[in-house]
Amino acid sequence: GYRSRAAYKLKQLDEDAGLFGPGNTVVDLGAAPGGWLEVAAERVGDHGKVVGVDLQRIKDVDAHTVTTIKGDMTVDETKAALKERVGDSGADVVLSDMAPNMTGEYNLDHARSVYLARQAFEVAMELLGTGGDLAVKVFEGQDLKALEDDMKNEFRYVRRIKPDASRDSSSELYLVGKHYLTAPVRSGD
Ligand code: SAM
């Protein structure tokens, strides 16, 4: 079994949208306790690389391909550490399951979730190579469409996917951007 039920959401996202391949480099934002890291490690195999980031410390995952960073993805220092860890060849897949602490106030929780999703989107544009994929969690609400439209400018297509394991948390879904269109020319290239 996996260390979180969230693992089954990622399995379904991968089945629906075809995210991973053997040898891929995967970035997982909001990775604690680590269920997605376990699934990603299985999918990328021995020649892949998986980097997880979370505010919380993540217990070691039993795969030599997985490393983690403890940090806040809304601060530059963490983004820089992540870029360094991923390295010059960039990432094939960026995942974000980041979620804000819930207040129960629908609009506030939505706004905070969109803010976190946009952090993931920005980092994805810096890390992904052309053809890379982004899957990001977001709570439904008024700002979802604008985020989706911004992603549509950067990916060949964007899908909304609500895994069965997300049914109980009614407002949560994933935006999946397939095939990043224009990776920037990075310094050092
Ligand atoms: N996908 C994970 C798994 O399979 O175990 C579950 C992730 S959990 C739903 C959401 C995580 O997002 C929490 O562990 C939380 O600490 C993290 N998170 C929220 N805001 C964050 C931020 N600004 N930077 C990094 N992680 C953050």
# chains A, B, ... in the order shown; residues from 1 in each chain; ligands from 1
$ residues_near_ligand --ligand "ligand 1" --cutoff "10 Å" --atoms "only C-alpha atoms and all ligand atoms" --output "VMD selection string"
chain A and resid 2 to 10 28 to 40 52 to 58 69 to 75 78 to 79 95 to 101 112 to 113 115 to 117 119 to 120 137
$ select_by_dssp --residues "chain A" --states "alpha helix (DSSP H)" --output "MDAnalysis selection string"
chainID A and resid 6:17 35:44 76:86 106:127 144:152
$ closest_residue --among "A:Gly141, A:Gly21, A:Gly104, A:Pro163" --to "A:Asp92" --atoms "only C-alpha atoms"
A:Gly21
$ closest_residue --among "A:Val185, A:Leu127, A:Val27, A:Ala63" --to "A:Val50" --atoms "only C-alpha atoms"
A:Val27
$ decode --residues "stretch 17-123 of chain A" --atoms "C-alpha atoms" --output "compact mmCIF listing (two decimals), in the first residue's frame"
# COMPACT_ATOMS: atom_id res chain seq x y z
CA ALA A 17 -3.77 11.84 -19.05
CA GLY A 18 -0.61 9.75 -19.52
CA LEU A 19 1.81 11.76 -17.42
CA PHE A 20 4.84 9.55 -16.83
CA GLY A 21 7.36 7.51 -18.71
CA PRO A 22 10.41 5.49 -17.64
CA GLY A 23 13.45 7.68 -17.10
CA ASN A 24 11.41 10.86 -16.56
CA THR A 25 12.37 13.64 -14.18
CA VAL A 26 9.35 14.50 -12.00
CA VAL A 27 8.83 17.43 -9.63
CA ASP A 28 6.17 16.97 -6.93
CA LEU A 29 5.07 20.12 -5.06
CA GLY A 30 3.22 19.70 -1.77
CA ALA A 31 4.54 16.14 -1.59
CA ALA A 32 4.06 15.21 2.12
CA PRO A 33 3.44 12.60 3.40
CA GLY A 34 4.68 11.10 0.13
CA GLY A 35 2.09 8.90 -1.57
CA TRP A 36 2.59 10.68 -4.90
CA LEU A 37 6.36 10.28 -4.53
CA GLU A 38 5.88 6.52 -4.22
CA VAL A 39 3.68 6.36 -7.33
CA ALA A 40 6.02 8.61 -9.33
CA ALA A 41 9.05 6.51 -8.31
CA GLU A 42 7.30 3.36 -9.57
CA ARG A 43 6.42 5.00 -12.86
CA VAL A 44 9.80 6.53 -13.70
CA GLY A 45 11.77 3.42 -12.74
CA ASP A 46 15.47 3.05 -11.95
CA HIS A 47 16.65 5.69 -14.41
CA GLY A 48 14.20 8.40 -13.42
CA LYS A 49 14.46 11.21 -10.92
CA VAL A 50 11.79 12.44 -8.51
CA VAL A 51 12.11 15.63 -6.44
CA GLY A 52 9.50 16.37 -3.78
CA VAL A 53 8.97 19.69 -1.95
CA ASP A 54 6.83 20.39 1.11
CA LEU A 55 6.54 22.68 4.11
CA GLN A 56 6.57 19.49 6.17
CA ARG A 57 9.47 17.11 6.44
CA ILE A 58 8.89 14.01 4.30
CA LYS A 59 9.92 10.62 5.60
CA ASP A 60 12.46 8.95 3.28
CA VAL A 61 10.91 7.12 0.36
CA ASP A 62 12.32 3.68 -0.35
CA ALA A 63 13.66 4.44 -3.82
CA HIS A 64 17.12 5.77 -4.72
CA THR A 65 15.57 8.06 -7.34
CA VAL A 66 13.60 10.16 -4.82
CA THR A 67 14.95 13.19 -2.94
CA THR A 68 13.03 15.85 -1.04
CA ILE A 69 13.34 19.50 -0.04
CA LYS A 70 11.70 21.02 3.04
CA GLY A 71 10.54 24.49 2.06
CA ASP A 72 7.77 26.89 1.14
CA MET A 73 7.09 27.01 -2.60
CA THR A 74 5.92 30.62 -2.32
CA VAL A 75 9.45 31.82 -1.48
CA ASP A 76 12.28 32.35 -3.98
CA GLU A 77 14.87 30.49 -1.90
CA THR A 78 12.88 27.24 -2.19
CA LYS A 79 12.34 27.71 -5.93
CA ALA A 80 16.10 28.24 -6.38
CA ALA A 81 16.91 25.10 -4.34
CA LEU A 82 14.46 23.13 -6.46
CA LYS A 83 15.94 24.39 -9.75
CA GLU A 84 19.39 23.46 -8.52
CA ARG A 85 18.22 19.96 -7.56
CA VAL A 86 16.45 19.35 -10.88
CA GLY A 87 19.49 20.45 -12.84
CA ASP A 88 20.04 21.78 -16.34
CA SER A 89 18.16 19.06 -18.19
CA GLY A 90 14.91 20.25 -16.61
CA ALA A 91 11.77 18.30 -15.76
CA ASP A 92 9.41 16.16 -17.85
CA VAL A 93 6.51 16.43 -15.42
CA VAL A 94 5.57 18.96 -12.72
CA LEU A 95 2.90 17.90 -10.22
CA SER A 96 1.27 20.00 -7.52
CA ASP A 97 -1.04 18.63 -4.86
CA MET A 98 -0.45 21.74 -2.70
CA ALA A 99 -3.44 22.79 -0.66
CA PRO A 100 -3.90 25.70 1.76
CA ASN A 101 -4.93 25.21 5.37
CA MET A 102 -8.72 25.20 5.10
CA THR A 103 -10.63 27.98 6.84
CA GLY A 104 -14.04 26.74 5.73
CA GLU A 105 -14.64 30.09 4.06
CA TYR A 106 -15.23 29.01 0.48
CA ASN A 107 -13.94 32.09 -1.35
CA LEU A 108 -10.83 32.42 0.77
CA ASP A 109 -9.92 28.73 0.47
CA HIS A 110 -10.48 28.97 -3.30
CA ALA A 111 -8.31 32.10 -3.64
CA ARG A 112 -5.49 30.54 -1.63
CA SER A 113 -5.62 27.35 -3.67
CA VAL A 114 -5.44 29.32 -6.93
CA TYR A 115 -2.45 31.24 -5.54
CA LEU A 116 -0.63 27.96 -4.80
CA ALA A 117 -1.61 26.56 -8.21
CA ARG A 118 -0.16 29.67 -9.87
CA GLN A 119 3.12 29.19 -7.99
CA ALA A 120 3.27 25.67 -9.41
CA PHE A 121 2.40 26.94 -12.90
CA GLU A 122 5.18 29.57 -12.76
CA VAL A 123 7.75 27.05 -11.55
